[in-house]
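One file, target_17.csv, is given below (CSV, N, CA and C atoms).
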chain,number,residue,atom,x,y,z
A,1,MET,N,136.6,87.3,-36.4
A,1,MET,CA,137.6,88.3,-36.3
A,1,MET,C,136.9,89.7,-36.2
A,2,THR,N,137.6,90.6,-35.6
A,2,THR,CA,137.1,92.0,-35.4
A,2,THR,C,137.9,92.9,-36.3
A,3,THR,N,137.2,93.9,-36.8
A,3,THR,CA,138.0,94.9,-37.5
A,3,THR,C,137.7,96.3,-36.9
A,4,GLY,N,138.6,97.2,-37.1
A,4,GLY,CA,138.5,98.5,-36.4
A,4,GLY,C,139.4,99.5,-37.1
A,5,ALA,N,139.3,100.7,-36.7
A,5,ALA,CA,140.1,101.8,-37.3
A,5,ALA,C,140.8,102.5,-36.1
A,6,PRO,N,141.9,103.2,-36.4
A,6,PRO,CA,142.6,103.9,-35.3
A,6,PRO,C,141.7,104.9,-34.7
A,7,LYS,N,141.8,105.1,-33.3
A,7,LYS,CA,141.0,106.0,-32.6
A,7,LYS,C,141.3,107.4,-32.8
A,8,ASP,N,142.5,107.7,-33.2
A,8,ASP,CA,142.9,109.1,-33.4
A,8,ASP,C,142.4,109.8,-34.7
A,9,GLY,N,141.7,109.0,-35.5
A,9,GLY,CA,141.1,109.6,-36.7
A,9,GLY,C,142.0,109.6,-37.9
A,10,LYS,N,143.3,109.3,-37.7
A,10,LYS,CA,144.2,109.2,-38.8
A,10,LYS,C,143.9,108.0,-39.6
A,11,ASP,N,143.9,108.2,-40.9
A,11,ASP,CA,143.8,107.1,-41.9
A,11,ASP,C,142.5,106.2,-41.5
A,12,ALA,N,141.4,106.9,-41.4
A,12,ALA,CA,140.1,106.3,-41.0
A,12,ALA,C,139.7,105.1,-41.9
A,13,ASN,N,140.3,105.0,-43.1
A,13,ASN,CA,139.9,103.9,-44.0
A,13,ASN,C,140.7,102.6,-43.7
A,14,LEU,N,141.7,102.7,-42.8
A,14,LEU,CA,142.6,101.6,-42.5
A,14,LEU,C,141.8,100.6,-41.7
A,15,LYS,N,141.7,99.4,-42.1
A,15,LYS,CA,141.0,98.3,-41.4
A,15,LYS,C,142.0,97.4,-40.8
A,16,LEU,N,141.8,97.0,-39.5
A,16,LEU,CA,142.7,96.1,-38.8
A,16,LEU,C,142.0,94.8,-38.6
A,17,GLU,N,142.7,93.7,-38.7
A,17,GLU,CA,142.1,92.4,-38.4
A,17,GLU,C,142.8,91.9,-37.2
A,18,TYR,N,142.0,91.3,-36.3
A,18,TYR,CA,142.5,90.8,-35.1
A,18,TYR,C,142.3,89.3,-35.1
A,19,SER,N,143.2,88.5,-34.5
A,19,SER,CA,143.0,87.1,-34.4
A,19,SER,C,143.7,86.6,-33.1
A,20,PRO,N,143.2,85.5,-32.5
A,20,PRO,CA,143.8,85.1,-31.2
A,20,PRO,C,145.3,84.7,-31.4
A,21,ALA,N,146.0,85.0,-30.3
A,21,ALA,CA,147.5,84.7,-30.4
A,21,ALA,C,148.0,84.6,-28.9
A,22,ILE,N,149.0,83.8,-28.8
A,22,ILE,CA,149.7,83.7,-27.5
A,22,ILE,C,150.8,84.8,-27.5
A,23,VAL,N,150.8,85.7,-26.6
A,23,VAL,CA,151.8,86.8,-26.5
A,23,VAL,C,152.6,86.6,-25.2
A,24,SER,N,153.9,86.5,-25.4
A,24,SER,CA,154.8,86.3,-24.2
A,24,SER,C,155.7,87.5,-24.1
A,25,TYR,N,155.8,88.0,-22.9
A,25,TYR,CA,156.8,89.1,-22.6
A,25,TYR,C,157.9,88.5,-21.7
A,26,ILE,N,159.1,88.5,-22.2
A,26,ILE,CA,160.1,87.8,-21.4
A,26,ILE,C,161.2,88.8,-21.1
A,27,ASP,N,161.6,89.0,-19.9
A,27,ASP,CA,162.6,90.0,-19.5
A,27,ASP,C,163.7,89.3,-18.7
A,28,LEU,N,164.9,89.8,-18.9
A,28,LEU,CA,166.1,89.3,-18.1
A,28,LEU,C,166.0,90.0,-16.8
A,29,LEU,N,166.2,89.2,-15.7
A,29,LEU,CA,166.3,89.8,-14.4
A,29,LEU,C,167.8,90.2,-14.1
A,30,GLY,N,168.0,91.3,-13.4
A,30,GLY,CA,169.3,91.6,-13.0
A,30,GLY,C,170.3,92.1,-14.0
A,31,MET,N,169.8,92.8,-15.0
A,31,MET,CA,170.6,93.3,-16.1
A,31,MET,C,171.7,94.2,-15.6
A,32,LYS,N,171.3,95.1,-14.7
A,32,LYS,CA,172.2,96.1,-14.1
A,32,LYS,C,173.3,95.3,-13.4
A,33,GLN,N,172.9,94.3,-12.6
A,33,GLN,CA,173.9,93.5,-11.9
A,33,GLN,C,174.9,92.8,-12.8
A,34,LEU,N,174.3,92.3,-13.9
A,34,LEU,CA,175.1,91.6,-14.9
A,34,LEU,C,176.2,92.5,-15.5
A,35,LEU,N,175.7,93.8,-15.8
A,35,LEU,CA,176.6,94.8,-16.4
A,35,LEU,C,177.7,95.1,-15.3
A,36,ASP,N,177.3,95.3,-14.1
A,36,ASP,CA,178.3,95.6,-13.0
A,36,ASP,C,179.3,94.5,-12.8
A,37,ASP,N,178.8,93.3,-12.8
A,37,ASP,CA,179.7,92.1,-12.6
A,37,ASP,C,180.7,91.9,-13.8
A,38,ALA,N,180.2,92.3,-15.0
A,38,ALA,CA,181.0,92.1,-16.2
A,38,ALA,C,182.2,93.1,-16.2
A,39,GLY,N,182.0,94.2,-15.5
A,39,GLY,CA,183.1,95.2,-15.6
A,39,GLY,C,183.3,95.7,-17.0
A,40,GLY,N,184.5,95.6,-17.5
A,40,GLY,CA,184.8,96.0,-18.8
A,40,GLY,C,184.7,94.9,-19.8
A,41,ASP,N,184.3,93.7,-19.4
A,41,ASP,CA,184.3,92.5,-20.3
A,41,ASP,C,183.0,92.4,-21.0
A,42,ALA,N,182.8,93.0,-22.2
A,42,ALA,CA,181.5,93.0,-22.9
A,42,ALA,C,181.2,91.6,-23.4
A,43,SER,N,182.1,90.7,-23.5
A,43,SER,CA,181.8,89.4,-24.0
A,43,SER,C,180.9,88.6,-23.0
A,44,ILE,N,181.0,88.9,-21.7
A,44,ILE,CA,180.1,88.2,-20.8
A,44,ILE,C,178.7,88.6,-21.0
A,45,VAL,N,178.4,89.9,-21.2
A,45,VAL,CA,177.1,90.4,-21.4
A,45,VAL,C,176.6,89.9,-22.8
A,46,ALA,N,177.5,90.0,-23.8
A,46,ALA,CA,177.1,89.6,-25.2
A,46,ALA,C,176.7,88.1,-25.2
A,47,SER,N,177.4,87.3,-24.4
A,47,SER,CA,177.1,85.8,-24.3
A,47,SER,C,175.7,85.6,-23.8
A,48,VAL,N,175.3,86.3,-22.7
A,48,VAL,CA,174.0,86.2,-22.1
A,48,VAL,C,173.0,86.7,-23.1
A,49,LEU,N,173.2,87.9,-23.7
A,49,LEU,CA,172.2,88.4,-24.7
A,49,LEU,C,172.1,87.5,-25.9
A,50,ASN,N,173.2,86.9,-26.4
A,50,ASN,CA,173.1,86.0,-27.5
A,50,ASN,C,172.3,84.8,-27.2
A,51,THR,N,172.5,84.2,-26.0
A,51,THR,CA,171.7,83.1,-25.6
A,51,THR,C,170.2,83.4,-25.5
A,52,PHE,N,170.0,84.6,-24.9
A,52,PHE,CA,168.6,85.1,-24.7
A,52,PHE,C,167.9,85.2,-26.1
A,53,ARG,N,168.6,85.8,-27.1
A,53,ARG,CA,168.0,85.9,-28.4
A,53,ARG,C,167.9,84.5,-29.1
A,54,ARG,N,168.9,83.7,-29.0
A,54,ARG,CA,168.8,82.4,-29.6
A,54,ARG,C,167.7,81.5,-29.2
A,55,PHE,N,167.4,81.5,-27.9
A,55,PHE,CA,166.3,80.7,-27.4
A,55,PHE,C,164.9,81.4,-27.4
A,56,THR,N,164.9,82.6,-27.8
A,56,THR,CA,163.6,83.3,-27.9
A,56,THR,C,163.1,83.6,-29.3
A,57,SER,N,164.1,83.7,-30.2
A,57,SER,CA,163.7,84.0,-31.6
A,57,SER,C,163.3,82.8,-32.4
A,58,PRO,N,162.2,83.0,-33.2
A,58,PRO,CA,161.7,81.8,-34.0
A,58,PRO,C,162.7,81.5,-35.1
A,59,THR,N,162.7,80.3,-35.5
A,59,THR,CA,163.5,79.9,-36.7
A,59,THR,C,162.8,80.3,-38.0
A,60,HIS,N,163.5,80.3,-39.1
A,60,HIS,CA,162.9,80.6,-40.4
A,60,HIS,C,161.7,79.7,-40.6
A,61,GLU,N,161.8,78.5,-40.3
A,61,GLU,CA,160.7,77.5,-40.5
A,61,GLU,C,159.5,77.9,-39.6
A,62,THR,N,159.8,78.3,-38.4
A,62,THR,CA,158.7,78.7,-37.5
A,62,THR,C,158.0,79.9,-38.0
A,63,ARG,N,158.8,80.9,-38.4
A,63,ARG,CA,158.2,82.1,-39.0
A,63,ARG,C,157.3,81.8,-40.2
A,64,ASP,N,157.8,81.0,-41.1
A,64,ASP,CA,157.1,80.7,-42.4
A,64,ASP,C,155.9,79.8,-42.2
A,65,VAL,N,156.0,78.7,-41.4
A,65,VAL,CA,154.9,77.8,-41.3
A,65,VAL,C,153.9,78.2,-40.2
A,66,TRP,N,154.4,78.5,-39.0
A,66,TRP,CA,153.6,78.8,-37.9
A,66,TRP,C,153.2,80.3,-37.7
A,67,LYS,N,153.9,81.1,-38.5
A,67,LYS,CA,153.7,82.6,-38.4
A,67,LYS,C,154.0,83.2,-37.1
A,68,TRP,N,155.0,82.7,-36.4
A,68,TRP,CA,155.4,83.3,-35.1
A,68,TRP,C,156.2,84.6,-35.5
A,69,SER,N,156.1,85.5,-34.6
A,69,SER,CA,156.9,86.8,-34.7
A,69,SER,C,157.6,87.1,-33.4
A,70,PHE,N,158.6,88.0,-33.5
A,70,PHE,CA,159.5,88.2,-32.3
A,70,PHE,C,160.0,89.6,-32.4
A,71,VAL,N,160.1,90.3,-31.3
A,71,VAL,CA,160.7,91.6,-31.2
A,71,VAL,C,161.6,91.6,-30.0
A,72,ASN,N,162.8,92.1,-30.2
A,72,ASN,CA,163.8,92.1,-29.1
A,72,ASN,C,164.1,93.6,-28.8
A,73,PHE,N,164.0,94.0,-27.5
A,73,PHE,CA,164.5,95.3,-27.0
A,73,PHE,C,165.5,95.1,-25.9
A,74,SER,N,166.7,94.9,-26.3
A,74,SER,CA,167.8,94.7,-25.4
A,74,SER,C,167.6,93.5,-24.5
A,75,ASP,N,167.1,93.7,-23.2
A,75,ASP,CA,166.9,92.6,-22.3
A,75,ASP,C,165.4,92.2,-22.2
A,76,LEU,N,164.6,92.6,-23.2
A,76,LEU,CA,163.2,92.3,-23.2
A,76,LEU,C,162.8,91.7,-24.6
A,77,VAL,N,162.0,90.6,-24.6
A,77,VAL,CA,161.6,90.0,-25.8
A,77,VAL,C,160.1,89.9,-25.8
A,78,VAL,N,159.4,90.2,-26.9
A,78,VAL,CA,158.0,90.0,-27.0
A,78,VAL,C,157.8,88.9,-28.2
A,79,ARG,N,157.1,87.8,-27.9
A,79,ARG,CA,156.8,86.8,-28.9
A,79,ARG,C,155.3,86.7,-29.1
A,80,VAL,N,155.0,86.6,-30.4
A,80,VAL,CA,153.6,86.5,-30.7
A,80,VAL,C,153.4,85.2,-31.5
A,81,VAL,N,152.5,84.3,-31.0
A,81,VAL,CA,152.3,83.0,-31.7
A,81,VAL,C,150.8,83.0,-32.1
A,82,PRO,N,150.5,83.2,-33.3
A,82,PRO,CA,149.1,83.1,-33.8
A,82,PRO,C,148.5,81.7,-33.5
A,83,ILE,N,147.3,81.6,-33.1
A,83,ILE,CA,146.6,80.4,-32.8
A,83,ILE,C,145.9,79.8,-34.0
A,84,LEU,N,145.3,80.6,-34.8
A,84,LEU,CA,144.5,80.2,-35.9
A,84,LEU,C,145.2,80.1,-37.3
A,85,THR,N,146.4,79.6,-37.3
A,85,THR,CA,147.1,79.4,-38.5
A,85,THR,C,146.7,78.1,-39.2
A,86,ASP,N,146.8,78.0,-40.5
A,86,ASP,CA,146.5,76.8,-41.1
A,86,ASP,C,147.3,75.6,-40.6
A,87,ALA,N,148.6,75.9,-40.3
A,87,ALA,CA,149.5,74.8,-39.8
A,87,ALA,C,149.0,74.3,-38.5
A,88,ASN,N,148.7,75.2,-37.6
A,88,ASN,CA,148.2,74.8,-36.2
A,88,ASN,C,146.9,74.1,-36.3
A,89,VAL,N,146.0,74.5,-37.1
A,89,VAL,CA,144.7,73.8,-37.2
A,89,VAL,C,144.9,72.4,-37.8
A,90,ARG,N,145.8,72.3,-38.8
A,90,ARG,CA,146.1,71.0,-39.4
A,90,ARG,C,146.8,70.0,-38.5
A,91,TYR,N,147.9,70.5,-37.8
A,91,TYR,CA,148.8,69.6,-37.1
A,91,TYR,C,148.5,69.6,-35.6
A,92,ARG,N,147.7,70.5,-35.0
A,92,ARG,CA,147.4,70.5,-33.6
A,92,ARG,C,148.5,70.2,-32.7
A,93,MET,N,149.6,71.0,-32.9
A,93,MET,CA,150.9,70.8,-32.2
A,93,MET,C,150.9,71.1,-30.7
A,94,GLY,N,149.9,71.8,-30.2
A,94,GLY,CA,149.9,72.2,-28.8
A,94,GLY,C,150.8,73.4,-28.6
A,95,LEU,N,150.3,74.5,-29.1
A,95,LEU,CA,151.1,75.8,-29.0
A,95,LEU,C,151.5,76.2,-27.6
A,96,ILE,N,150.6,76.1,-26.7
A,96,ILE,CA,150.9,76.5,-25.3
A,96,ILE,C,152.0,75.6,-24.7
A,97,PHE,N,151.9,74.3,-25.0
A,97,PHE,CA,152.9,73.3,-24.5
A,97,PHE,C,154.3,73.7,-25.1
A,98,HIS,N,154.4,74.0,-26.4
A,98,HIS,CA,155.6,74.4,-27.0
A,98,HIS,C,156.2,75.7,-26.6
A,99,GLU,N,155.3,76.7,-26.3
A,99,GLU,CA,155.7,78.0,-25.8
A,99,GLU,C,156.3,77.8,-24.4
A,100,ILE,N,155.7,77.0,-23.6
A,100,ILE,CA,156.2,76.8,-22.2
A,100,ILE,C,157.5,76.0,-22.3
A,101,MET,N,157.7,75.0,-23.2
A,101,MET,CA,158.9,74.3,-23.3
A,101,MET,C,160.0,75.2,-23.8
A,102,ASP,N,159.8,76.1,-24.8
A,102,ASP,CA,160.8,77.0,-25.2
A,102,ASP,C,161.3,77.9,-24.1
A,103,LEU,N,160.3,78.3,-23.2
A,103,LEU,CA,160.7,79.2,-22.1
A,103,LEU,C,161.5,78.4,-21.1
A,104,CYS,N,161.2,77.1,-20.9
A,104,CYS,CA,162.0,76.3,-20.0
A,104,CYS,C,163.4,76.1,-20.5
A,105,TYR,N,163.5,75.8,-21.8
A,105,TYR,CA,164.9,75.7,-22.4
A,105,TYR,C,165.7,77.0,-22.2
A,106,LEU,N,165.0,78.1,-22.4
A,106,LEU,CA,165.6,79.4,-22.2
A,106,LEU,C,166.1,79.6,-20.8
A,107,GLN,N,165.3,79.4,-19.8
A,107,GLN,CA,165.7,79.5,-18.5
A,107,GLN,C,166.8,78.6,-18.1
A,108,ALA,N,166.7,77.3,-18.5
A,108,ALA,CA,167.8,76.4,-18.2
A,108,ALA,C,169.1,76.8,-18.7
A,109,ASN,N,169.1,77.4,-19.9
A,109,ASN,CA,170.4,77.8,-20.5
A,109,ASN,C,170.9,79.1,-19.9
A,110,LEU,N,170.1,79.9,-19.4
A,110,LEU,CA,170.5,81.1,-18.7
A,110,LEU,C,170.9,80.9,-17.3
A,111,PHE,N,170.2,79.9,-16.7
A,111,PHE,CA,170.5,79.6,-15.3
A,111,PHE,C,171.9,79.2,-15.1
A,112,SER,N,172.5,78.5,-16.1
A,112,SER,CA,173.9,78.0,-16.0
A,112,SER,C,174.8,79.3,-16.0
A,113,ARG,N,174.3,80.4,-16.4
A,113,ARG,CA,175.1,81.7,-16.4
A,113,ARG,C,174.6,82.6,-15.2
A,114,ASN,N,173.9,82.0,-14.3
A,114,ASN,CA,173.3,82.7,-13.1
A,114,ASN,C,172.4,83.8,-13.5
A,115,VAL,N,171.6,83.7,-14.5
A,115,VAL,CA,170.7,84.7,-15.0
A,115,VAL,C,169.3,84.1,-15.0
A,116,LEU,N,168.3,84.8,-14.4
A,116,LEU,CA,166.9,84.4,-14.4
A,116,LEU,C,166.1,85.3,-15.3
A,117,ILE,N,165.0,84.7,-15.8
A,117,ILE,CA,164.1,85.6,-16.6
A,117,ILE,C,162.9,86.0,-15.7
A,118,ARG,N,162.3,87.1,-16.0
A,118,ARG,CA,161.1,87.6,-15.4
A,118,ARG,C,159.9,87.1,-16.2
A,119,GLY,N,158.9,86.7,-15.5
A,119,GLY,CA,157.7,86.2,-16.2
A,119,GLY,C,157.9,84.7,-16.4
A,120,PRO,N,157.7,84.2,-17.5
A,120,PRO,CA,157.2,85.0,-18.6
A,120,PRO,C,155.7,85.3,-18.4
A,121,HIS,N,155.3,86.4,-19.0
A,121,HIS,CA,153.9,86.9,-18.9
A,121,HIS,C,153.3,86.4,-20.2
A,122,CYS,N,152.6,85.3,-20.2
A,122,CYS,CA,152.0,84.8,-21.4
A,122,CYS,C,150.5,85.0,-21.3
A,123,ARG,N,149.9,85.5,-22.3
A,123,ARG,CA,148.5,85.7,-22.4
A,123,ARG,C,148.0,85.3,-23.8
A,124,ILE,N,146.7,85.0,-23.8
A,124,ILE,CA,146.1,84.8,-25.1
A,124,ILE,C,145.3,86.0,-25.4
A,125,HIS,N,145.7,86.7,-26.5
A,125,HIS,CA,145.1,88.0,-26.8
A,125,HIS,C,144.5,88.0,-28.2
A,126,GLN,N,143.6,88.9,-28.5
A,126,GLN,CA,143.2,89.1,-29.9
A,126,GLN,C,144.2,90.1,-30.4
A,127,CYS,N,145.1,89.7,-31.3
A,127,CYS,CA,146.1,90.6,-31.9
A,127,CYS,C,145.8,90.9,-33.4
What do you get writing this file as structure tokens?
Amino acid sequence: MTTGAPKDGKDANLKLEYSPAIVSYIDLLGMKQLLDDAGGDASIVASVLNTFRRFTSPTHETRDVWKWSFVNFSDLVVRVVPILTDANVRYRMGLIFHEIMDLCYLQANLFSRNVLIRGPHCRIHQC
């Protein structure tokens, strides 16, 4: 692991630890078109956004055991899946396989609503 301090000099005693993780950026395509097509019916947009969040957010078990995290910004989701967790080392579940399968389930469920996702842009980073 690497440690470092912020470059701007603030709180120079702060140490950061980095570890390998899968980082996925997932974006809904055609959000403007979806809003235009929905007209005044917010339930259409809410249904798509709820499906998007449901299939991209980790469960409580996933957060606790596998240490996955998730941030949602309207029609963009960022997922971080640490690689060197005790659970992953012990069970060797195939994190990349499961990340890809989650994204396939997401796209399949949104496709039925005529919505596609951009990306996903998956990278293994030191986070």
Subject >> Exercise: range 100-106 of chain A partners within 7 Å, all atoms listed in the file, chain neighbours under 2 positions left out, as a list in words >> reply: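 Selected residues are Thr51, Phe52, Phe55, Thr56, Leu95, Ile96, Phe97, His98, Ala108, Asn109, Leu110 and Phe111 of chain A.
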Please dump the current selection as a CSV table (one decimal), in the coordinates of the input; keep N, CA and C atoms.
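Resulting contents of result.csv:
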chain,number,residue,atom,x,y,z
A,51,THR,N,172.5,84.2,-26.0
A,51,THR,CA,171.7,83.1,-25.6
A,51,THR,C,170.2,83.4,-25.5
A,52,PHE,N,170.0,84.6,-24.9
A,52,PHE,CA,168.6,85.1,-24.7
A,52,PHE,C,167.9,85.2,-26.1
A,55,PHE,N,167.4,81.5,-27.9
A,55,PHE,CA,166.3,80.7,-27.4
A,55,PHE,C,164.9,81.4,-27.4
A,56,THR,N,164.9,82.6,-27.8
A,56,THR,CA,163.6,83.3,-27.9
A,56,THR,C,163.1,83.6,-29.3
A,95,LEU,N,150.3,74.5,-29.1
A,95,LEU,CA,151.1,75.8,-29.0
A,95,LEU,C,151.5,76.2,-27.6
A,96,ILE,N,150.6,76.1,-26.7
A,96,ILE,CA,150.9,76.5,-25.3
A,96,ILE,C,152.0,75.6,-24.7
A,97,PHE,N,151.9,74.3,-25.0
A,97,PHE,CA,152.9,73.3,-24.5
A,97,PHE,C,154.3,73.7,-25.1
A,98,HIS,N,154.4,74.0,-26.4
A,98,HIS,CA,155.6,74.4,-27.0
A,98,HIS,C,156.2,75.7,-26.6
A,108,ALA,N,166.7,77.3,-18.5
A,108,ALA,CA,167.8,76.4,-18.2
A,108,ALA,C,169.1,76.8,-18.7
A,109,ASN,N,169.1,77.4,-19.9
A,109,ASN,CA,170.4,77.8,-20.5
A,109,ASN,C,170.9,79.1,-19.9
A,110,LEU,N,170.1,79.9,-19.4
A,110,LEU,CA,170.5,81.1,-18.7
A,110,LEU,C,170.9,80.9,-17.3
A,111,PHE,N,170.2,79.9,-16.7
A,111,PHE,CA,170.5,79.6,-15.3
A,111,PHE,C,171.9,79.2,-15.1
Subject >> All strand (DSSP E or B) residues (DSSP, backbone) inside range 37-96 of chain A, as a VMD selection string >> reply: chain A and resid 69 to 73 76 to 82
Original post:
Mind pulling up the distance from atom N of Glu17 in chain A to atom C of Val81 in chain A?
Top reply: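 Rounded to one decimal, the two atoms are 15.0 Å apart.
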**OP:** as a count of residues only, please: all residues of chain A that backbone DSSP puts in helix (DSSP H, G or I).
**Re:** 53
Original post:
Which one of A:Asn13, A:Gln33, A:Asn72, A:Thr59 sits closest to Leu116 in chain A if you count only C-alpha atoms?
Top reply: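 That would be A:Gln33, the residue with the smallest distance to Leu116 in chain A.
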Subject >> CA of Thr62 in chain A to CA of Asp75 in chain A, distance in Å rounded to a single decimal >> reply: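 The value is 22.2 Å.
Relative to atom C of Pro20 in chain A, atom C of Asn50 in chain A is found at 27.3 Å.
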**OP:** Would you please work out which residue, of A:Ile26, A:Ala21, A:Gly39, A:Val48, is nearest to Thr85 in chain A when using only C-alpha atoms?
**Re:** A:Ala21
Original post:
Nearest to Tyr25 in chain A among A:Arg118, A:Arg54, A:Ser43, A:Tyr91, with distances taken over all atoms listed in the file: which residue is it?
Top reply: A:Arg118
Take range 79-92 of chain A from the preceding structure and save N, CA and C atoms as a PDB file, in the first residue's frame.
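Resulting contents of result_32.pdb:
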ATOM      1  N   ARG A  79     -19.281   3.041  -8.455  1.00  0.00           N
ATOM      2  CA  ARG A  79     -19.167   1.898  -7.545  1.00  0.00           C
ATOM      3  C   ARG A  79     -17.694   1.598  -7.325  1.00  0.00           C
ATOM      4  N   VAL A  80     -17.348   1.317  -6.065  1.00  0.00           N
ATOM      5  CA  VAL A  80     -15.980   0.951  -5.718  1.00  0.00           C
ATOM      6  C   VAL A  80     -16.022  -0.403  -5.025  1.00  0.00           C
ATOM      7  N   VAL A  81     -15.283  -1.349  -5.578  1.00  0.00           N
ATOM      8  CA  VAL A  81     -15.245  -2.708  -5.058  1.00  0.00           C
ATOM      9  C   VAL A  81     -13.801  -3.030  -4.672  1.00  0.00           C
ATOM     10  N   PRO A  82     -13.464  -2.978  -3.385  1.00  0.00           N
ATOM     11  CA  PRO A  82     -12.095  -3.295  -2.975  1.00  0.00           C
ATOM     12  C   PRO A  82     -11.729  -4.741  -3.306  1.00  0.00           C
ATOM     13  N   ILE A  83     -10.507  -4.941  -3.720  1.00  0.00           N
ATOM     14  CA  ILE A  83     -10.049  -6.267  -4.115  1.00  0.00           C
ATOM     15  C   ILE A  83      -9.432  -7.029  -2.950  1.00  0.00           C
ATOM     16  N   LEU A  84      -8.726  -6.353  -2.084  1.00  0.00           N
ATOM     17  CA  LEU A  84      -7.966  -7.030  -1.027  1.00  0.00           C
ATOM     18  C   LEU A  84      -8.719  -7.116   0.300  1.00  0.00           C
ATOM     19  N   THR A  85     -10.011  -7.357   0.258  1.00  0.00           N
ATOM     20  CA  THR A  85     -10.756  -7.547   1.501  1.00  0.00           C
ATOM     21  C   THR A  85     -10.528  -8.962   2.014  1.00  0.00           C
ATOM     22  N   ASP A  86     -10.683  -9.151   3.310  1.00  0.00           N
ATOM     23  CA  ASP A  86     -10.537 -10.492   3.885  1.00  0.00           C
ATOM     24  C   ASP A  86     -11.506 -11.470   3.236  1.00  0.00           C
ATOM     25  N   ALA A  87     -12.743 -11.025   2.997  1.00  0.00           N
ATOM     26  CA  ALA A  87     -13.748 -11.908   2.413  1.00  0.00           C
ATOM     27  C   ALA A  87     -13.357 -12.328   0.999  1.00  0.00           C
ATOM     28  N   ASN A  88     -12.850 -11.417   0.185  1.00  0.00           N
ATOM     29  CA  ASN A  88     -12.468 -11.767  -1.178  1.00  0.00           C
ATOM     30  C   ASN A  88     -11.271 -12.708  -1.195  1.00  0.00           C
ATOM     31  N   VAL A  89     -10.312 -12.471  -0.333  1.00  0.00           N
ATOM     32  CA  VAL A  89      -9.151 -13.357  -0.271  1.00  0.00           C
ATOM     33  C   VAL A  89      -9.561 -14.756   0.186  1.00  0.00           C
ATOM     34  N   ARG A  90     -10.482 -14.824   1.143  1.00  0.00           N
ATOM     35  CA  ARG A  90     -10.917 -16.110   1.687  1.00  0.00           C
ATOM     36  C   ARG A  90     -11.803 -16.876   0.710  1.00  0.00           C
ATOM     37  N   TYR A  91     -12.770 -16.211   0.076  1.00  0.00           N
ATOM     38  CA  TYR A  91     -13.759 -16.910  -0.748  1.00  0.00           C
ATOM     39  C   TYR A  91     -13.461 -16.882  -2.243  1.00  0.00           C
ATOM     40  N   ARG A  92     -12.588 -15.992  -2.701  1.00  0.00           N
ATOM     41  CA  ARG A  92     -12.199 -15.926  -4.111  1.00  0.00           C
ATOM     42  C   ARG A  92     -13.409 -15.952  -5.045  1.00  0.00           C
TER      43      ARG A  92
END
